[in-house]
Amino acid sequence: MTEKYRHLYVVIEHEDGKPVPVSLEMLGEARRLMDGFNRKYRSDEKVVAVVLGHNTRKLCEELIFFGADAVIYSDSKEFEHARNLVDTKVISEIAKDRELASKFSEATDFVKPRYMFFAADNIGRQLSSTVLAELESGLASDINKLVIEDLEIKHEHKTKGQGLMYEKTLEMYRPDFSGFLWTTILCLDNRNPAIAREYHPQACSIIPGVFAPIERDTSRRGIVVDHQPSFSERDLKVRVIGRKIVKSAVDFDSHKAIVSFGRGVKESPEENVRLVAQLAEQLEGEVGVSLPISKKPFAVSEATNSKYMIPDRVVGTSGRKVAPLLYVAVGISGAMQHIVGMKESSFVVAINPDENAPIKDECDIFIKGRMEDVIPVLLEELQKQKPAIRAK
Ligand SMILES: Cc1cc2nc3c(=O)[nH]c(=O)nc-3n(C[C@H](O)[C@H](O)[C@H](O)COP(=O)(O)OP(=O)(O)OC[C@H]3O[C@@H](n4cnc5c(N)ncnc54)[C@H](O)[C@@H]3O)c2cc1C
């Protein structure tokens, strides 16, 4: 007998057939988890990539090289651009389709996937919530660690106070309270007869940049299964009539240095942002910010707000991933969501009066001090040394 909840489905995002990095990262983690799962439970559950696209069949083969056992591919010109209504409908249908599942495994009792992954980006965050609502299960968002365990759970409502074993439970960890504490989220069936109900898939959205893809291996074999989508008029009521990619004026890529500031500017924000901007200018660098800064938390001039305190400058999981030669973190505590965005930098300097701030563990040089005191000294020194550097 097979189990009715089987396999790990990974919803792939791509740009014209090129996978976005988080898609391969999710596949890598899915591969590692399911290899462990199959060893531990002596089973043969699959990593299944789900792709909606148009003329993107070649991508399916790539996904097998990056860890998928099977790829469910739905092709339609309606998938040229991501649209939540259409994508939700088709992905939910795919997840419940026993016929499709039977193409890559014995699936007589298959009802839904056991686990499901989405990207925690603008598209995936919304899509994961609407798909899971359709599938009538729960969702943990912005996850950065995953473990599969057998857990004994005793819960007033779920188990009616009895200790019961929940096998193959996905522990989904997310950073909370400004990224300094972990929350573990479990998606558990109600085993209390009075409120009995099953919750599958156990699903989450995954923070980009956290997991490593597996190495591309062209000898890996898998199966591509075609899905024929069908649409009603209602599904297609949102139409994309034009798409323009607006290039950001913030240029993190061609600058060798980035100076980012966070809430540590708070004592005199206008003056402190000016200091940060001067430091960036001296280093011929770009200015970045932590996420809270983009919410314009301080009373500063409109010019400062609109030039610096903007989402385009955010470094981290909700913003950009950067990799400059020099990254200077000024008044930034070092929450995990920020670190993910700058950890590829070659050399990191942090300026912070709190030597217990987590950024201390992420930098090459930690300058203990207030930015108001430290930056003027740095500026003076840079001015002195610049002629000598130029002469070299
Ligand atoms: C789903 C989700 C996504 C997120 N995405 C992002 C993201 O992409 N990017 C991001 O940055 N955050 C993100 N966050 C927020 C993150 O968790 C932290 O809350 C945030 O990074 C903290 O910003 P901060 O370091 O500026 O502020 P704080 O944590 O308040 O740190 C301020 C620091 O300034 C120091 N300081 C104080 N006075 C001075 C001074 N005079 N001179 C110098 N230093 C001083 C303090 O010691 C402190 O370490 C996200 C959170 C969630 C829940």
# chains A, B, ... in the order shown; residues from 1 in each chain; ligands from 1

call {"tool": "residues_near_ligand", "arguments": {"ligand": "ligand 1", "cutoff": "8 Å", "atoms": "only C-alpha atoms and all ligand atoms", "output": "mmCIF file with N, CA, C and O atoms, in the first residue's frame"}}
result
data_model
loop_
_atom_site.group_PDB
_atom_site.id
_atom_site.type_symbol
_atom_site.label_atom_id
_atom_site.label_comp_id
_atom_site.auth_asym_id
_atom_site.auth_seq_id
_atom_site.Cartn_x
_atom_site.Cartn_y
_atom_site.Cartn_z
ATOM 1 N N SER A 141 5.959 30.851 6.222
ATOM 2 C CA SER A 141 6.626 31.720 5.244
ATOM 3 C C SER A 141 8.015 32.122 5.710
ATOM 4 O O SER A 141 8.304 32.134 6.912
ATOM 5 N N ASP A 142 8.892 32.420 4.747
ATOM 6 C CA ASP A 142 10.241 32.915 4.998
ATOM 7 C C ASP A 142 11.066 31.968 5.855
ATOM 8 O O ASP A 142 11.559 32.334 6.924
ATOM 9 N N PRO A 175 13.538 32.910 11.054
ATOM 10 C CA PRO A 175 14.063 33.894 11.991
ATOM 11 C C PRO A 175 12.977 34.899 12.352
ATOM 12 O O PRO A 175 12.257 35.374 11.470
ATOM 13 N N ASP A 176 12.824 35.158 13.629
ATOM 14 C CA ASP A 176 11.803 36.118 14.062
ATOM 15 C C ASP A 176 12.405 37.137 15.012
ATOM 16 O O ASP A 176 13.580 37.059 15.339
ATOM 17 N N PHE A 177 11.597 38.031 15.506
ATOM 18 C CA PHE A 177 12.039 39.067 16.446
ATOM 19 C C PHE A 177 13.330 39.721 15.944
ATOM 20 O O PHE A 177 14.395 39.573 16.532
ATOM 21 N N SER A 178 13.202 40.367 14.784
ATOM 22 C CA SER A 178 14.327 41.037 14.125
ATOM 23 C C SER A 178 15.414 40.061 13.726
ATOM 24 O O SER A 178 16.560 40.438 13.543
ATOM 25 N N GLY A 179 15.082 38.797 13.591
ATOM 26 C CA GLY A 179 16.050 37.831 13.082
ATOM 27 C C GLY A 179 16.941 37.242 14.168
ATOM 28 O O GLY A 179 17.889 36.532 13.861
ATOM 29 N N PHE A 180 16.665 37.499 15.421
ATOM 30 C CA PHE A 180 17.570 37.018 16.462
ATOM 31 C C PHE A 180 17.043 35.815 17.233
ATOM 32 O O PHE A 180 17.699 35.289 18.097
ATOM 33 N N PHE A 261 23.731 51.787 5.767
ATOM 34 C CA PHE A 261 23.423 52.231 7.132
ATOM 35 C C PHE A 261 22.084 51.663 7.591
ATOM 36 O O PHE A 261 21.229 51.303 6.793
ATOM 37 N N GLY A 262 21.962 51.579 8.937
ATOM 38 C CA GLY A 262 20.741 51.054 9.536
ATOM 39 C C GLY A 262 20.211 52.007 10.598
ATOM 40 O O GLY A 262 20.554 53.196 10.620
ATOM 41 N N ARG A 263 19.412 51.437 11.495
ATOM 42 C CA ARG A 263 18.729 52.272 12.484
ATOM 43 C C ARG A 263 19.676 52.962 13.458
ATOM 44 O O ARG A 263 19.253 53.829 14.215
ATOM 45 N N GLY A 264 20.957 52.575 13.425
ATOM 46 C CA GLY A 264 21.934 53.244 14.278
ATOM 47 C C GLY A 264 22.137 54.710 13.946
ATOM 48 O O GLY A 264 22.787 55.433 14.692
ATOM 49 N N VAL A 265 21.532 55.195 12.850
ATOM 50 C CA VAL A 265 21.645 56.644 12.528
ATOM 51 C C VAL A 265 20.703 57.478 13.394
ATOM 52 O O VAL A 265 20.680 58.703 13.306
ATOM 53 N N LYS A 266 19.945 56.805 14.236
ATOM 54 C CA LYS A 266 18.752 57.418 14.852
ATOM 55 C C LYS A 266 18.983 58.699 15.657
ATOM 56 O O LYS A 266 18.094 59.543 15.724
ATOM 57 N N GLU A 267 20.183 58.852 16.252
ATOM 58 C CA GLU A 267 20.342 60.004 17.145
ATOM 59 C C GLU A 267 20.266 61.329 16.405
ATOM 60 O O GLU A 267 19.651 62.280 16.888
ATOM 61 N N VAL A 289 21.001 50.281 2.444
ATOM 62 C CA VAL A 289 20.313 50.450 3.736
ATOM 63 C C VAL A 289 19.792 49.102 4.231
ATOM 64 O O VAL A 289 19.656 48.149 3.462
ATOM 65 N N SER A 290 19.468 49.059 5.534
ATOM 66 C CA SER A 290 18.757 47.891 6.074
ATOM 67 C C SER A 290 17.260 48.098 5.815
ATOM 68 O O SER A 290 16.821 49.221 5.555
ATOM 69 N N LEU A 291 16.508 47.017 5.902
ATOM 70 C CA LEU A 291 15.086 47.098 5.541
ATOM 71 C C LEU A 291 14.290 48.159 6.319
ATOM 72 O O LEU A 291 13.521 48.917 5.724
ATOM 73 N N PRO A 292 14.481 48.254 7.654
ATOM 74 C CA PRO A 292 13.660 49.239 8.384
ATOM 75 C C PRO A 292 13.841 50.669 7.861
ATOM 76 O O PRO A 292 12.926 51.484 7.931
ATOM 77 N N ILE A 293 15.035 50.968 7.339
ATOM 78 C CA ILE A 293 15.299 52.323 6.836
ATOM 79 C C ILE A 293 14.395 52.646 5.648
ATOM 80 O O ILE A 293 13.946 53.782 5.475
ATOM 81 N N VAL A 314 17.702 48.587 -0.346
ATOM 82 C CA VAL A 314 17.712 47.568 0.715
ATOM 83 C C VAL A 314 18.622 46.399 0.326
ATOM 84 O O VAL A 314 18.536 45.862 -0.765
ATOM 85 N N VAL A 315 19.473 46.029 1.276
ATOM 86 C CA VAL A 315 20.333 44.853 1.106
ATOM 87 C C VAL A 315 19.757 43.751 1.987
ATOM 88 O O VAL A 315 19.461 43.969 3.153
ATOM 89 N N GLY A 316 19.561 42.576 1.412
ATOM 90 C CA GLY A 316 19.048 41.464 2.223
ATOM 91 C C GLY A 316 18.003 40.663 1.492
ATOM 92 O O GLY A 316 17.778 40.838 0.292
ATOM 93 N N THR A 317 17.348 39.818 2.253
ATOM 94 C CA THR A 317 16.376 38.892 1.641
ATOM 95 C C THR A 317 15.224 39.623 0.982
ATOM 96 O O THR A 317 14.637 39.125 0.035
ATOM 97 N N SER A 318 14.878 40.814 1.493
ATOM 98 C CA SER A 318 13.766 41.561 0.888
ATOM 99 C C SER A 318 14.276 42.587 -0.117
ATOM 100 O O SER A 318 13.510 43.398 -0.619
ATOM 101 N N GLY A 319 15.569 42.580 -0.344
ATOM 102 C CA GLY A 319 16.139 43.559 -1.278
ATOM 103 C C GLY A 319 17.121 42.893 -2.206
ATOM 104 O O GLY A 319 16.799 41.912 -2.855
ATOM 105 N N ARG A 320 18.326 43.419 -2.248
ATOM 106 C CA ARG A 320 19.318 42.929 -3.202
ATOM 107 C C ARG A 320 20.392 42.105 -2.501
ATOM 108 O O ARG A 320 20.714 42.323 -1.342
ATOM 109 N N VAL A 330 27.168 50.355 8.701
ATOM 110 C CA VAL A 330 27.187 51.425 9.699
ATOM 111 C C VAL A 330 25.862 51.400 10.468
ATOM 112 O O VAL A 330 24.791 51.547 9.864
ATOM 113 N N GLY A 331 25.932 51.166 11.784
ATOM 114 C CA GLY A 331 24.695 51.179 12.582
ATOM 115 C C GLY A 331 23.721 50.104 12.155
ATOM 116 O O GLY A 331 22.509 50.311 12.157
ATOM 117 N N ILE A 332 24.255 48.953 11.791
ATOM 118 C CA ILE A 332 23.429 47.791 11.389
ATOM 119 C C ILE A 332 23.744 46.658 12.356
ATOM 120 O O ILE A 332 24.921 46.341 12.589
ATOM 121 N N SER A 333 22.705 46.036 12.919
ATOM 122 C CA SER A 333 22.956 45.048 13.977
ATOM 123 C C SER A 333 23.427 43.704 13.429
ATOM 124 O O SER A 333 24.120 42.964 14.109
ATOM 125 N N GLY A 334 23.006 43.362 12.182
ATOM 126 C CA GLY A 334 23.444 42.081 11.604
ATOM 127 C C GLY A 334 22.395 40.998 11.689
ATOM 128 O O GLY A 334 22.728 39.827 11.906
ATOM 129 N N ALA A 335 21.133 41.371 11.507
ATOM 130 C CA ALA A 335 20.065 40.356 11.465
ATOM 131 C C ALA A 335 20.324 39.435 10.282
ATOM 132 O O ALA A 335 20.882 39.847 9.262
ATOM 133 N N MET A 336 19.911 38.192 10.468
ATOM 134 C CA MET A 336 20.171 37.173 9.447
ATOM 135 C C MET A 336 19.662 37.598 8.063
ATOM 136 O O MET A 336 20.319 37.359 7.044
ATOM 137 N N GLN A 337 18.503 38.272 8.024
ATOM 138 C CA GLN A 337 17.951 38.669 6.718
ATOM 139 C C GLN A 337 18.838 39.698 6.023
ATOM 140 O O GLN A 337 18.836 39.793 4.807
ATOM 141 N N HIS A 338 19.566 40.484 6.787
ATOM 142 C CA HIS A 338 20.507 41.435 6.178
ATOM 143 C C HIS A 338 21.780 40.699 5.732
ATOM 144 O O HIS A 338 22.271 40.916 4.623
ATOM 145 N N ILE A 339 22.269 39.817 6.594
ATOM 146 C CA ILE A 339 23.527 39.102 6.312
ATOM 147 C C ILE A 339 23.430 38.328 4.999
ATOM 148 O O ILE A 339 24.376 38.302 4.199
ATOM 149 N N GLY A 341 22.118 39.068 2.406
ATOM 150 C CA GLY A 341 22.302 39.944 1.261
ATOM 151 C C GLY A 341 23.721 40.420 1.042
ATOM 152 O O GLY A 341 24.048 40.909 -0.041
ATOM 153 N N ILE A 351 30.715 49.323 11.824
ATOM 154 C CA ILE A 351 30.887 50.404 12.810
ATOM 155 C C ILE A 351 29.681 50.350 13.727
ATOM 156 O O ILE A 351 28.536 50.532 13.282
ATOM 157 N N ASN A 352 29.924 50.073 15.017
ATOM 158 C CA ASN A 352 28.800 49.858 15.929
ATOM 159 C C ASN A 352 29.313 49.970 17.363
ATOM 160 O O ASN A 352 30.369 49.404 17.674
ATOM 161 N N PRO A 353 28.587 50.660 18.228
ATOM 162 C CA PRO A 353 29.074 50.769 19.611
ATOM 163 C C PRO A 353 28.847 49.496 20.434
ATOM 164 O O PRO A 353 29.426 49.339 21.517
ATOM 165 N N ASP A 354 28.002 48.591 19.912
ATOM 166 C CA ASP A 354 27.629 47.403 20.693
ATOM 167 C C ASP A 354 28.454 46.206 20.232
ATOM 168 O O ASP A 354 28.205 45.625 19.181
ATOM 169 N N GLU A 355 29.422 45.813 21.056
ATOM 170 C CA GLU A 355 30.287 44.716 20.605
ATOM 171 C C GLU A 355 29.586 43.365 20.656
ATOM 172 O O GLU A 355 30.133 42.348 20.230
ATOM 173 N N ALA A 357 26.724 43.027 19.080
ATOM 174 C CA ALA A 357 25.871 42.993 17.886
ATOM 175 C C ALA A 357 26.331 41.833 16.979
ATOM 176 O O ALA A 357 27.536 41.655 16.771
ATOM 177 N N PRO A 358 25.382 41.046 16.433
ATOM 178 C CA PRO A 358 25.765 39.881 15.613
ATOM 179 C C PRO A 358 26.629 40.225 14.407
ATOM 180 O O PRO A 358 27.363 39.376 13.913
ATOM 181 N N ILE A 359 26.590 41.470 13.940
ATOM 182 C CA ILE A 359 27.411 41.855 12.776
ATOM 183 C C ILE A 359 28.897 41.633 13.081
ATOM 184 O O ILE A 359 29.694 41.413 12.176
ATOM 185 N N GLY A 369 32.330 51.750 18.159
ATOM 186 C CA GLY A 369 32.179 53.177 18.358
ATOM 187 C C GLY A 369 30.933 53.710 17.677
ATOM 188 O O GLY A 369 30.296 53.001 16.888
ATOM 189 N N ARG A 370 30.593 54.944 18.010
ATOM 190 C CA ARG A 370 29.433 55.587 17.394
ATOM 191 C C ARG A 370 29.844 56.131 16.028
ATOM 192 O O ARG A 370 30.953 56.643 15.866
ATOM 193 N N MET A 371 28.935 56.024 15.071
ATOM 194 C CA MET A 371 29.293 56.491 13.720
ATOM 195 C C MET A 371 29.647 57.975 13.730
ATOM 196 O O MET A 371 30.516 58.420 12.975
ATOM 197 N N GLU A 372 28.989 58.731 14.623
ATOM 198 C CA GLU A 372 29.234 60.172 14.693
ATOM 199 C C GLU A 372 30.704 60.449 15.019
ATOM 200 O O GLU A 372 31.268 61.472 14.615
#

call {"tool": "closest_atom_pairs", "arguments": {"of": "segment 184-301 of chain A", "to": "segment 152-164 of chain A", "cutoff": "12 Å", "atoms": "only C-alpha atoms", "output": "CSV"}}
result
residue,atom,partner,partner_atom,distance
A:Leu186,CA,A:Ile153,CA,10.4
A:Cys187,CA,A:Lys158,CA,10.8
A:Leu188,CA,A:Lys158,CA,7.8
A:Asp189,CA,A:Lys158,CA,7.1
A:Asn190,CA,A:Lys158,CA,4.6
A:Arg191,CA,A:Thr159,CA,5.2
A:Asn192,CA,A:Thr159,CA,4.8
A:Pro193,CA,A:Lys160,CA,8.3
A:Ala194,CA,A:Lys160,CA,8.8
A:Ile195,CA,A:Lys158,CA,7.9
A:Ala196,CA,A:Lys158,CA,8.2
A:Arg197,CA,A:Lys158,CA,9.3
A:Glu198,CA,A:Lys158,CA,10.6
A:Tyr199,CA,A:Lys158,CA,11.5

call {"tool": "atom_distance", "arguments": {"atom1": "atom CA of Asn144 of chain A", "atom2": "atom CA of Phe211 of chain A"}}
result
7.7 Å

call {"tool": "select_by_dssp", "arguments": {"residues": "segment 74-283 of chain A", "states": "alpha helix (DSSP H)", "output": "PyMOL selection string"}}
result
chain A and resi 84-95+98-101+122-134+269-282

call {"tool": "write_last_selection", "arguments": {"atoms": "C-alpha atoms", "output": "tab-separated table (two decimals), in the first residue's frame"}}
result
chain	number	residue	atom	x	y	z
A	84	ASN	CA	-1.54	34.75	-9.46
A	85	LEU	CA	-5.06	33.70	-10.47
A	86	VAL	CA	-4.00	31.43	-13.31
A	87	ASP	CA	-0.89	30.06	-11.59
A	88	THR	CA	-2.79	29.26	-8.38
A	89	LYS	CA	-5.42	27.32	-10.26
A	90	VAL	CA	-3.00	25.24	-12.31
A	91	ILE	CA	-0.53	24.51	-9.48
A	92	SER	CA	-3.38	23.44	-7.17
A	93	GLU	CA	-4.72	21.15	-9.90
A	94	ILE	CA	-1.30	19.64	-10.47
A	95	ALA	CA	-0.82	19.04	-6.74
A	98	ARG	CA	-3.18	11.38	-9.08
A	99	GLU	CA	-2.83	10.56	-12.77
A	100	LEU	CA	0.22	12.83	-13.07
A	101	ALA	CA	1.77	11.37	-9.92
A	122	ASN	CA	7.41	38.73	-4.40
A	123	ILE	CA	5.81	36.11	-6.64
A	124	GLY	CA	6.25	33.07	-4.42
A	125	ARG	CA	5.06	34.68	-1.20
A	126	GLN	CA	1.70	35.46	-2.74
A	127	LEU	CA	1.43	32.28	-4.78
A	128	SER	CA	2.24	30.01	-1.83
A	129	SER	CA	-0.56	31.50	0.26
A	130	THR	CA	-3.20	31.24	-2.46
A	131	VAL	CA	-2.19	27.71	-3.48
A	132	LEU	CA	-2.21	26.49	0.11
A	133	ALA	CA	-5.62	28.05	0.67
A	134	GLU	CA	-6.83	26.04	-2.35
A	269	PRO	CA	19.53	60.94	11.25
A	270	GLU	CA	19.92	63.85	8.82
A	271	GLU	CA	23.54	64.52	9.79
A	272	ASN	CA	24.40	60.83	10.08
A	273	VAL	CA	23.05	59.95	6.65
A	274	ARG	CA	25.13	62.83	5.28
A	275	LEU	CA	28.22	61.31	6.95
A	276	VAL	CA	27.44	57.92	5.44
A	277	ALA	CA	26.99	59.49	2.00
A	278	GLN	CA	30.33	61.31	2.35
A	279	LEU	CA	32.06	58.06	3.29
A	280	ALA	CA	30.51	56.32	0.28
A	281	GLU	CA	31.65	59.18	-1.95
A	282	GLN	CA	35.22	59.02	-0.62

call {"tool": "residues_around", "arguments": {"residues": "Ser74 of chain A", "least_positions_apart": "2", "cutoff": "10 Å", "atoms": "only C-alpha atoms", "output": "PDB file with C-alpha atoms, in the first residue's frame"}}
result
ATOM      1  CA  VAL A  50       6.568  21.990 -11.057  1.00  0.00           C
ATOM      2  CA  VAL A  51       7.077  24.316 -14.027  1.00  0.00           C
ATOM      3  CA  LEU A  52       4.549  26.605 -15.674  1.00  0.00           C
ATOM      4  CA  GLY A  53       5.953  28.150 -18.839  1.00  0.00           C
ATOM      5  CA  HIS A  54       5.761  28.604 -22.571  1.00  0.00           C
ATOM      6  CA  ASN A  55       8.313  26.954 -24.840  1.00  0.00           C
ATOM      7  CA  THR A  56      10.520  26.322 -21.817  1.00  0.00           C
ATOM      8  CA  ARG A  57      10.859  22.557 -22.069  1.00  0.00           C
ATOM      9  CA  VAL A  71       9.335  17.537 -13.599  1.00  0.00           C
ATOM     10  CA  ILE A  72       5.658  18.297 -14.155  1.00  0.00           C
ATOM     11  CA  SER A  76       0.730  27.539 -22.345  1.00  0.00           C
ATOM     12  CA  PHE A  79       2.158  31.391 -18.526  1.00  0.00           C
ATOM     13  CA  VAL A  90      -2.996  25.244 -12.310  1.00  0.00           C
ATOM     14  CA  ILE A  91      -0.530  24.506  -9.485  1.00  0.00           C
ATOM     15  CA  ILE A  94      -1.296  19.642 -10.470  1.00  0.00           C
ATOM     16  CA  VAL A 225       5.561  14.685 -17.345  1.00  0.00           C
ATOM     17  CA  ASP A 226       3.320  16.928 -19.422  1.00  0.00           C
ATOM     18  CA  HIS A 227       0.253  18.564 -17.941  1.00  0.00           C
ATOM     19  CA  GLN A 228      -2.434  20.025 -20.182  1.00  0.00           C
ATOM     20  CA  PRO A 229      -3.828  23.167 -18.573  1.00  0.00           C
TER      21      PRO A 229
END

call {"tool": "select_by_dssp", "arguments": {"residues": "segment 315-359 of chain A", "states": "strand (DSSP E)", "output": "list in words"}}
result
Leu326, Tyr327, Val328, Ala329, Val330, Phe347, Val348, Val349, Ala350, Ile351 and Asn352 of chain A

call {"tool": "closest_residue", "arguments": {"among": "A:Arg39, A:Asp312, A:Asp16, A:Lys4", "to": "Lys247 of chain A", "atoms": "only C-alpha atoms"}}
result
A:Asp312

call {"tool": "decode", "arguments": {"residues": "segment 291-351 of chain A", "atoms": "C-alpha atoms", "output": "JSON list (two decimals), in the first residue's frame"}}
result
[["chain", "number", "residue", "atom", "x", "y", "z"],
["A", 291, "LEU", "CA", 15.09, 47.10, 5.54],
["A", 292, "PRO", "CA", 13.66, 49.24, 8.38],
["A", 293, "ILE", "CA", 15.30, 52.32, 6.84],
["A", 294, "SER", "CA", 13.26, 51.88, 3.65],
["A", 295, "LYS", "CA", 10.13, 52.37, 5.78],
["A", 296, "LYS", "CA", 11.27, 55.98, 6.37],
["A", 297, "PRO", "CA", 11.35, 55.71, 10.18],
["A", 298, "PHE", "CA", 12.94, 59.10, 10.93],
["A", 299, "ALA", "CA", 11.97, 62.73, 10.57],
["A", 300, "VAL", "CA", 14.46, 63.84, 7.92],
["A", 301, "SER", "CA", 14.30, 66.15, 4.93],
["A", 302, "GLU", "CA", 12.33, 65.03, 1.88],
["A", 303, "ALA", "CA", 15.57, 65.01, -0.12],
["A", 304, "THR", "CA", 17.17, 62.50, 2.27],
["A", 305, "ASN", "CA", 14.03, 60.38, 2.45],
["A", 306, "SER", "CA", 13.57, 60.14, -1.28],
["A", 307, "LYS", "CA", 17.25, 59.69, -2.13],
["A", 308, "TYR", "CA", 18.37, 57.23, 0.54],
["A", 309, "MET", "CA", 15.47, 55.72, 2.49],
["A", 310, "ILE", "CA", 14.07, 53.76, -0.41],
["A", 311, "PRO", "CA", 13.37, 50.05, -1.09],
["A", 312, "ASP", "CA", 15.82, 50.04, -4.05],
["A", 313, "ARG", "CA", 18.71, 50.43, -1.61],
["A", 314, "VAL", "CA", 17.71, 47.57, 0.71],
["A", 315, "VAL", "CA", 20.33, 44.85, 1.11],
["A", 316, "GLY", "CA", 19.05, 41.46, 2.22],
["A", 317, "THR", "CA", 16.38, 38.89, 1.64],
["A", 318, "SER", "CA", 13.77, 41.56, 0.89],
["A", 319, "GLY", "CA", 16.14, 43.56, -1.28],
["A", 320, "ARG", "CA", 19.32, 42.93, -3.20],
["A", 321, "LYS", "CA", 22.17, 40.46, -2.82],
["A", 322, "VAL", "CA", 25.45, 42.30, -3.20],
["A", 323, "ALA", "CA", 29.07, 41.17, -3.46],
["A", 324, "PRO", "CA", 31.38, 44.23, -3.44],
["A", 325, "LEU", "CA", 35.08, 44.19, -2.63],
["A", 326, "LEU", "CA", 34.35, 46.32, 0.44],
["A", 327, "TYR", "CA", 31.11, 46.40, 2.46],
["A", 328, "VAL", "CA", 30.83, 48.88, 5.31],
["A", 329, "ALA", "CA", 27.91, 48.28, 7.70],
["A", 330, "VAL", "CA", 27.19, 51.42, 9.70],
["A", 331, "GLY", "CA", 24.69, 51.18, 12.58],
["A", 332, "ILE", "CA", 23.43, 47.79, 11.39],
["A", 333, "SER", "CA", 22.96, 45.05, 13.98],
["A", 334, "GLY", "CA", 23.44, 42.08, 11.60],
["A", 335, "ALA", "CA", 20.06, 40.36, 11.47],
["A", 336, "MET", "CA", 20.17, 37.17, 9.45],
["A", 337, "GLN", "CA", 17.95, 38.67, 6.72],
["A", 338, "HIS", "CA", 20.51, 41.43, 6.18],
["A", 339, "ILE", "CA", 23.53, 39.10, 6.31],
["A", 340, "VAL", "CA", 22.11, 36.91, 3.54],
["A", 341, "GLY", "CA", 22.30, 39.94, 1.26],
["A", 342, "MET", "CA", 25.95, 40.91, 1.90],
["A", 343, "LYS", "CA", 27.74, 37.75, 2.97],
["A", 344, "GLU", "CA", 29.44, 37.35, -0.44],
["A", 345, "SER", "CA", 31.31, 40.66, 0.08],
["A", 346, "SER", "CA", 35.10, 40.21, 0.01],
["A", 347, "PHE", "CA", 35.90, 42.45, 2.98],
["A", 348, "VAL", "CA", 33.48, 43.71, 5.62],
["A", 349, "VAL", "CA", 33.91, 46.57, 8.08],
["A", 350, "ALA", "CA", 31.28, 47.25, 10.75],
["A", 351, "ILE", "CA", 30.89, 50.40, 12.81]]
